[in-house]
$ cat data09.tsv   # TSV, C-alpha atoms
chain	number	residue	atom	x	y	z
A	8	MET	CA	44.15	213.52	321.12
A	9	ASP	CA	42.61	210.80	323.29
A	10	ALA	CA	40.32	209.86	320.43
A	11	LYS	CA	43.22	209.73	318.02
A	12	ASP	CA	45.26	207.65	320.50
A	13	ALA	CA	42.34	205.24	320.85
A	14	ILE	CA	42.10	204.94	317.08
A	15	LEU	CA	45.83	204.35	316.82
A	16	GLN	CA	45.72	201.69	319.52
A	17	MET	CA	42.81	200.00	317.76
A	18	LEU	CA	44.69	200.11	314.45
A	19	ASP	CA	47.78	198.72	316.20
A	20	ARG	CA	45.73	195.82	317.55
A	21	ASP	CA	44.30	195.22	314.08
A	22	LEU	CA	47.81	195.31	312.67
A	23	ASP	CA	49.00	192.75	315.27
A	24	GLU	CA	46.06	190.49	314.43
A	25	ALA	CA	46.75	190.85	310.71
A	26	GLU	CA	50.40	190.04	311.35
A	27	GLU	CA	49.40	186.91	313.28
A	28	GLN	CA	47.00	185.89	310.49
A	29	TYR	CA	49.75	186.51	307.91
A	30	GLN	CA	52.22	184.40	309.88
A	31	MET	CA	49.64	181.62	310.25
A	32	ALA	CA	48.82	181.76	306.50
A	33	LEU	CA	52.56	181.78	305.70
A	34	ARG	CA	53.14	178.69	307.88
A	35	ASN	CA	50.20	176.91	306.23
A	36	HIS	CA	51.52	177.90	302.80
A	37	LEU	CA	55.02	176.60	303.64
A	38	ILE	CA	53.51	173.35	304.94
A	39	HIS	CA	51.53	172.98	301.68
A	40	ILE	CA	54.67	173.79	299.66
A	41	GLU	CA	56.64	171.11	301.54
A	42	ASP	CA	53.83	168.58	300.98
A	43	LEU	CA	53.75	169.51	297.28
A	44	ILE	CA	57.55	169.14	297.05
A	45	LYS	CA	57.38	165.73	298.72
A	46	LEU	CA	54.57	164.74	296.36
A	47	GLN	CA	56.58	165.91	293.31
A	48	GLU	CA	59.69	164.12	294.59
A	49	SER	CA	57.72	160.90	295.02
A	50	ARG	CA	56.27	161.32	291.50
A	51	LEU	CA	59.75	162.06	290.16
A	52	ALA	CA	61.13	158.96	291.89
A	53	GLY	CA	58.33	156.88	290.38
A	54	LEU	CA	58.96	158.36	286.92
A	55	HIS	CA	62.69	157.73	287.32
A	56	GLU	CA	62.06	154.09	288.30
A	57	GLU	CA	59.69	153.68	285.35
A	58	PHE	CA	62.29	155.30	283.08
A	59	GLU	CA	64.98	152.91	284.35
A	60	ARG	CA	62.67	149.95	283.74
A	61	ASN	CA	61.91	151.15	280.21
A	62	VAL	CA	65.60	151.76	279.52
A	63	ASN	CA	66.46	148.24	280.75
A	64	ILE	CA	63.69	146.74	278.61
A	65	ILE	CA	64.83	148.68	275.51
A	66	LYS	CA	68.45	147.77	276.19
A	67	LYS	CA	67.56	144.09	276.53
A	68	GLU	CA	65.55	144.23	273.31
A	69	PHE	CA	68.43	146.02	271.57
A	70	ASP	CA	70.97	143.47	272.85
A	71	THR	CA	68.71	140.60	271.76
A	72	GLU	CA	68.17	142.07	268.32
A	73	LYS	CA	71.89	142.84	268.02
A	74	SER	CA	72.76	139.24	268.96
A	75	GLU	CA	70.26	137.90	266.41
A	76	ILE	CA	71.65	140.19	263.68
A	77	MET	CA	75.23	139.20	264.52
A	78	ARG	CA	74.27	135.52	264.52
A	79	SER	CA	72.45	135.87	261.21
A	80	HIS	CA	75.38	137.81	259.76
A	81	GLU	CA	77.88	135.17	260.85
A	82	MET	CA	75.72	132.38	259.40
A	83	GLU	CA	75.31	134.19	256.07
A	84	THR	CA	79.03	134.97	255.96
A	85	LEU	CA	79.86	131.32	256.64
A	86	GLU	CA	77.44	130.15	253.96
A	87	LEU	CA	78.91	132.60	251.43
A	88	ARG	CA	82.44	131.52	252.23
A	89	GLU	CA	81.52	127.84	251.90
A	90	MET	CA	79.73	128.58	248.62
A	91	ILE	CA	82.76	130.47	247.25
A	92	ALA	CA	85.12	127.68	248.33
A	93	THR	CA	82.88	125.02	246.75
A	94	ILE	CA	82.55	126.93	243.47
A	95	THR	CA	86.31	127.56	243.38
A	96	GLU	CA	87.11	123.90	243.98
A	97	GLU	CA	84.62	122.75	241.34
A	98	GLU	CA	85.93	125.18	238.73
A	99	ASN	CA	89.55	124.32	239.51
A	100	ALA	CA	88.71	120.63	239.16
A	101	LYS	CA	86.93	121.28	235.85
A	102	VAL	CA	89.83	123.33	234.51
A	103	LYS	CA	92.33	120.71	235.60
A	104	GLN	CA	90.25	117.93	234.05
A	105	MET	CA	89.93	119.87	230.79
A	106	GLN	CA	93.66	120.56	230.75
A	107	ASN	CA	94.46	116.90	231.39
A	108	SER	CA	92.02	115.79	228.70
A	109	PHE	CA	93.42	118.32	226.25
A	110	GLU	CA	97.02	117.34	227.01
A	111	THR	CA	96.18	113.65	226.62
A	112	THR	CA	94.36	114.21	223.32
A	113	ARG	CA	97.13	116.43	222.03
A	114	GLU	CA	99.84	113.94	222.95
A	115	GLU	CA	97.90	111.06	221.44
A	116	THR	CA	97.24	113.01	218.23
A	117	LYS	CA	100.81	114.21	218.06
A	118	ASN	CA	102.23	110.73	218.62
A	119	THR	CA	99.85	109.22	216.09
A	120	ASP	CA	100.68	111.87	213.49
A	121	VAL	CA	104.40	111.51	214.11
A	122	GLU	CA	104.19	107.75	213.81
A	123	ASN	CA	102.12	108.01	210.61
A	124	LEU	CA	104.49	110.57	209.14
A	125	GLU	CA	107.52	108.49	209.98
A	126	SER	CA	105.89	105.36	208.65
A	127	MET	CA	104.85	107.03	205.41
A	128	LYS	CA	108.25	108.67	205.09
A	129	HIS	CA	110.06	105.35	205.46
A	130	GLU	CA	107.61	103.72	203.11
A	131	LEU	CA	108.05	106.45	200.52
A	132	ILE	CA	111.82	106.33	200.84
A	133	LYS	CA	111.75	102.57	200.51
A	134	GLN	CA	109.50	102.73	197.47
A	135	ILE	CA	111.66	105.44	195.91
A	136	GLU	CA	114.79	103.42	196.52
A	137	GLN	CA	113.14	100.36	195.09
A	138	LEU	CA	111.93	102.30	192.10
A	139	ASP	CA	115.34	103.86	191.61
A	140	SER	CA	117.04	100.48	191.77
A	141	ARG	CA	114.50	98.92	189.47
A	142	PHE	CA	114.69	101.87	187.14
A	143	GLU	CA	118.49	101.58	187.07
A	144	VAL	CA	118.30	97.86	186.40
A	145	GLU	CA	115.72	98.28	183.72
A	146	PHE	CA	117.57	101.17	182.19
A	147	ASN	CA	120.76	99.12	182.01
A	148	ARG	CA	118.85	96.22	180.58
A	149	TYR	CA	117.22	98.58	178.12
A	150	SER	CA	120.54	99.95	177.15
A	151	SER	CA	121.81	96.47	176.53
A	152	GLU	CA	118.74	95.09	174.85
A	153	THR	CA	117.60	98.37	173.24
A	154	ASP	CA	114.64	97.84	171.00
A	155	ALA	CA	113.82	94.40	172.34
A	156	ARG	CA	112.98	95.87	175.71
A	157	VAL	CA	111.11	98.96	174.57
A	158	GLY	CA	107.80	97.45	175.52
A	159	GLU	CA	109.05	96.55	178.94
A	160	TYR	CA	110.44	100.03	179.32
A	161	LYS	CA	107.04	101.50	178.55
A	162	ASN	CA	105.53	99.23	181.14
A	163	LEU	CA	108.07	100.47	183.64
A	164	LEU	CA	107.16	104.05	182.70
A	165	ASP	CA	103.52	103.22	183.37
A	166	LYS	CA	104.45	101.71	186.72
A	167	ASN	CA	106.52	104.80	187.44
A	168	GLU	CA	103.48	106.93	186.70
A	169	GLN	CA	101.38	104.79	189.02
A	170	ASN	CA	104.00	105.08	191.70
A	171	SER	CA	104.02	108.85	191.16
A	172	LYS	CA	100.28	108.85	191.68
A	173	GLN	CA	100.77	106.86	194.87
A	174	ILE	CA	103.41	109.34	195.98
A	175	LYS	CA	100.96	112.19	195.28
A	176	ALA	CA	98.28	110.33	197.22
A	177	HIS	CA	100.66	109.90	200.16
A	178	ALA	CA	101.64	113.58	199.92
A	179	HIS	CA	97.97	114.50	199.96
A	180	ARG	CA	97.51	112.33	203.03
A	181	ILE	CA	100.46	114.05	204.69
A	182	HIS	CA	98.90	117.42	203.88
A	183	ARG	CA	95.59	116.27	205.36
A	184	LEU	CA	97.36	115.15	208.53
A	185	LYS	CA	99.02	118.57	208.76
A	186	GLU	CA	95.58	120.17	208.44
A	187	GLN	CA	94.34	117.94	211.26
A	188	ILE	CA	97.31	119.06	213.40
A	189	THR	CA	96.44	122.68	212.63
A	190	TYR	CA	92.80	122.00	213.53
A	191	TRP	CA	93.77	120.56	216.91
A	192	GLN	CA	96.06	123.53	217.55
A	193	VAL	CA	93.14	125.89	216.82
A	194	LYS	CA	90.97	123.72	219.07
A	195	GLN	CA	93.56	124.11	221.82
A	196	GLN	CA	93.52	127.90	221.49
A	197	GLN	CA	89.72	127.89	221.55
A	198	SER	CA	89.67	125.73	224.71
A	199	LEU	CA	92.13	128.08	226.38
A	200	TYR	CA	90.00	131.08	225.39
A	201	GLU	CA	86.79	129.46	226.70
A	202	SER	CA	88.57	128.59	229.95
A	203	LYS	CA	89.68	132.20	230.31
A	204	ILE	CA	86.12	133.46	229.69
A	205	ARG	CA	84.76	130.99	232.27
A	206	ASN	CA	87.37	132.09	234.81
A	207	ASP	CA	86.47	135.75	234.18
A	208	GLN	CA	82.78	134.96	234.75
A	209	LEU	CA	83.64	133.18	237.99
A	210	MET	CA	85.67	136.19	239.12
A	211	LYS	CA	82.70	138.48	238.32
A	212	GLU	CA	80.38	136.21	240.36
A	213	ARG	CA	82.88	136.25	243.20
A	214	MET	CA	83.03	140.07	243.10
A	215	SER	CA	79.21	140.21	243.06
A	216	ILE	CA	79.03	137.95	246.13
A	217	ARG	CA	81.67	140.11	247.79
A	218	MET	CA	79.66	143.28	247.05
A	219	HIS	CA	76.53	141.62	248.47
A	220	TYR	CA	78.49	140.72	251.61
A	221	ASP	CA	79.76	144.32	251.94
A	222	ASN	CA	76.21	145.69	251.48
A	223	LEU	CA	74.88	143.39	254.22
A	224	LYS	CA	77.70	144.46	256.52
A	225	ALA	CA	77.04	148.17	255.81
A	226	LYS	CA	73.31	147.64	256.41
A	227	MET	CA	74.01	145.98	259.77
A	228	THR	CA	76.34	148.88	260.70
A	229	ARG	CA	73.67	151.45	259.80
A	230	GLN	CA	71.06	149.59	261.84
A	231	ARG	CA	73.42	149.41	264.83
A	232	ASP	CA	74.16	153.16	264.52
A	233	ASP	CA	70.42	153.94	264.30
A	234	LYS	CA	69.76	151.89	267.45
A	235	GLU	CA	72.59	153.64	269.29
A	236	LYS	CA	71.24	157.05	268.21
A	237	HIS	CA	67.75	156.01	269.30
A	238	LEU	CA	69.06	154.91	272.72
A	239	GLY	CA	71.04	158.15	273.07
A	240	GLN	CA	67.94	160.18	272.18
A	241	LEU	CA	65.93	158.29	274.83
A	242	SER	CA	68.62	159.01	277.42
A	243	LEU	CA	68.66	162.70	276.42
A	244	ASN	CA	64.85	162.89	276.64
A	245	ALA	CA	64.97	161.26	280.07
A	246	LEU	CA	67.54	163.77	281.32
A	247	ASN	CA	65.44	166.64	279.92
A	248	CYS	CA	62.38	165.18	281.67
A	249	ILE	CA	64.27	165.01	284.98
A	250	GLU	CA	65.45	168.62	284.58
A	251	THR	CA	61.91	169.74	283.77
A	252	LEU	CA	60.50	167.95	286.82
A	253	LYS	CA	63.19	169.49	289.03
A	254	GLY	CA	62.10	172.88	287.74
A	255	TYR	CA	58.63	172.24	289.13

$ encode --input "data09.tsv" --output "structure tokens"
Amino acid sequence: MDAKDAILQMLDRDLDEAEEQYQMALRNHLIHIEDLIKLQESRLAGLHEEFERNVNIIKKEFDTEKSEIMRSHEMETLELREMIATITEEENAKVKQMQNSFETTREETKNTDVENLESMKHELIKQIEQLDSRFEVEFNRYSSETDARVGEYKNLLDKNEQNSKQIKAHAHRIHRLKEQITYWQVKQQQSLYESKIRNDQLMKERMSIRMHYDNLKAKMTRQRDDKEKHLGQLSLNALNCIETLKGY
């Protein structure tokens, strides 16, 4: 029993020494853990500061690029608007000038034709009246002189035939003037048709410019959305990095 008690006392002393060594090792381990935590916190703070600097740099670059894109977009939009306004003014001026020229030519032609027709009409009426009066006089004289004036009557018939030819010539001239009037009317319709085609082409060019403007605007919107997504992804990666570091 004494031997067993001695062994138990020795084991109890060994146990006390082991407990003291364990406590000392535990304290050292806790001190090392605290130092490691401080070291990780300092590294995390440094990474967070570096992340903030990178985020600020990326944000500044994004803002600069956004400002440049907006400035370029505004300049292009202004140029397109000025170009459209200039083209519209030029085409309106051309159409107005063509209309004025056409109206002037039409009025001049119409007035000239009317004057010629009236003049020829009066001339024909005058000649017919003269011929009628002369024919009446000659016919009365023929009736009174009969055979003695047969030769003169034939001469008058010849003159009547010549006058008929002149009348036909004047009628032909009137017909030709009518054809000229018809030609100018057709020319008017053709000018109106060409003006309409030119206006349609201008409208197509305007729609094309408008589509180009809309495409540029959509492209700028897509680029802005891509940059915002990229910035959001960077923020999300930074938060995941912080969470991962906290886990250590």

$ atom_distance --input "data09.tsv" --atom1 "atom CA of A:Lys117" --atom2 "atom CA of A:Ala100"
25.2 Å

$ residues_around --input "data09.tsv" --residues "A:Ile91" --least-positions-apart "6" --cutoff "10 Å" --atoms "all atoms listed in the file" --output "ChimeraX atom specification"
/A:85,97,209,212-213,216-217

$ closest_residue --input "data09.tsv" --among "A:Ala225, A:Lys234, A:Glu110, A:Leu241" --to "A:Glu68" --atoms "all atoms listed in the file"
A:Lys234

$ closest_residue --input "data09.tsv" --among "A:Glu57, A:Glu186, A:Asp70, A:Asp165" --to "A:Asp120" --atoms "only C-alpha atoms"
A:Glu186

$ closest_residue --input "data09.tsv" --among "A:Lys224, A:Ile38, A:Asp21, A:Gly239" --to "A:Ser79" --atoms "all atoms listed in the file"
A:Lys224

$ atom_distance --input "data09.tsv" --atom1 "atom CA of A:Val121" --atom2 "atom CA of A:His179"
15.8 Å

$ residues_around --input "data09.tsv" --residues "A:Met210" --least-positions-apart "4" --cutoff "12 Å" --atoms "all atoms listed in the file" --output "mmCIF file with C-alpha atoms, in the frame of the given file"
data_model
loop_
_atom_site.group_PDB
_atom_site.id
_atom_site.type_symbol
_atom_site.label_atom_id
_atom_site.label_comp_id
_atom_site.auth_asym_id
_atom_site.auth_seq_id
_atom_site.Cartn_x
_atom_site.Cartn_y
_atom_site.Cartn_z
ATOM 1 C CA ILE A 91 82.760 130.470 247.250
ATOM 2 C CA ILE A 94 82.550 126.930 243.470
ATOM 3 C CA THR A 95 86.310 127.560 243.380
ATOM 4 C CA GLU A 98 85.930 125.180 238.730
ATOM 5 C CA LYS A 203 89.680 132.200 230.310
ATOM 6 C CA ILE A 204 86.120 133.460 229.690
ATOM 7 C CA ARG A 205 84.760 130.990 232.270
ATOM 8 C CA ASN A 206 87.370 132.090 234.810
ATOM 9 C CA MET A 214 83.030 140.070 243.100
ATOM 10 C CA SER A 215 79.210 140.210 243.060
ATOM 11 C CA ILE A 216 79.030 137.950 246.130
ATOM 12 C CA ARG A 217 81.670 140.110 247.790
#

$ atom_distance --input "data09.tsv" --atom1 "atom CA of A:Ser74" --atom2 "atom CA of A:Ala92"
26.7 Å

$ build_atoms --input "data09.tsv" --residues "stretch 51-64 of chain A" --atoms "N, CA and C atoms" --output "short mmCIF file (atom, residue, chain, number, x, y, z; two decimals), in the coordinates of the input"
data_model
loop_
_atom_site.label_atom_id
_atom_site.label_comp_id
_atom_site.auth_asym_id
_atom_site.auth_seq_id
_atom_site.Cartn_x
_atom_site.Cartn_y
_atom_site.Cartn_z
N LEU A 51 58.50 162.09 290.92
CA LEU A 51 59.75 162.06 290.16
C LEU A 51 60.49 160.74 290.36
N ALA A 52 60.48 160.25 291.63
CA ALA A 52 61.13 158.96 291.89
C ALA A 52 60.43 157.83 291.12
N GLY A 53 59.08 157.90 291.12
CA GLY A 53 58.33 156.88 290.38
C GLY A 53 58.61 156.95 288.89
N LEU A 54 58.64 158.21 288.34
CA LEU A 54 58.96 158.36 286.92
C LEU A 54 60.37 157.88 286.61
N HIS A 55 61.31 158.18 287.54
CA HIS A 55 62.69 157.73 287.32
C HIS A 55 62.78 156.19 287.32
N GLU A 56 62.06 155.56 288.28
CA GLU A 56 62.06 154.09 288.30
C GLU A 56 61.44 153.53 287.02
N GLU A 57 60.32 154.15 286.58
CA GLU A 57 59.69 153.68 285.35
C GLU A 57 60.61 153.87 284.16
N PHE A 58 61.32 155.04 284.15
CA PHE A 58 62.29 155.30 283.08
C PHE A 58 63.40 154.25 283.08
N GLU A 59 63.92 153.93 284.26
CA GLU A 59 64.98 152.91 284.35
C GLU A 59 64.47 151.57 283.84
N ARG A 60 63.24 151.21 284.22
CA ARG A 60 62.67 149.95 283.74
C ARG A 60 62.55 149.96 282.21
N ASN A 61 62.04 151.07 281.66
CA ASN A 61 61.91 151.15 280.21
C ASN A 61 63.27 151.09 279.51
N VAL A 62 64.25 151.79 280.11
CA VAL A 62 65.60 151.76 279.52
C VAL A 62 66.15 150.34 279.54
N ASN A 63 65.97 149.63 280.66
CA ASN A 63 66.46 148.24 280.75
C ASN A 63 65.77 147.34 279.73
N ILE A 64 64.43 147.56 279.59
CA ILE A 64 63.69 146.74 278.61
C ILE A 64 64.18 147.01 277.19
#
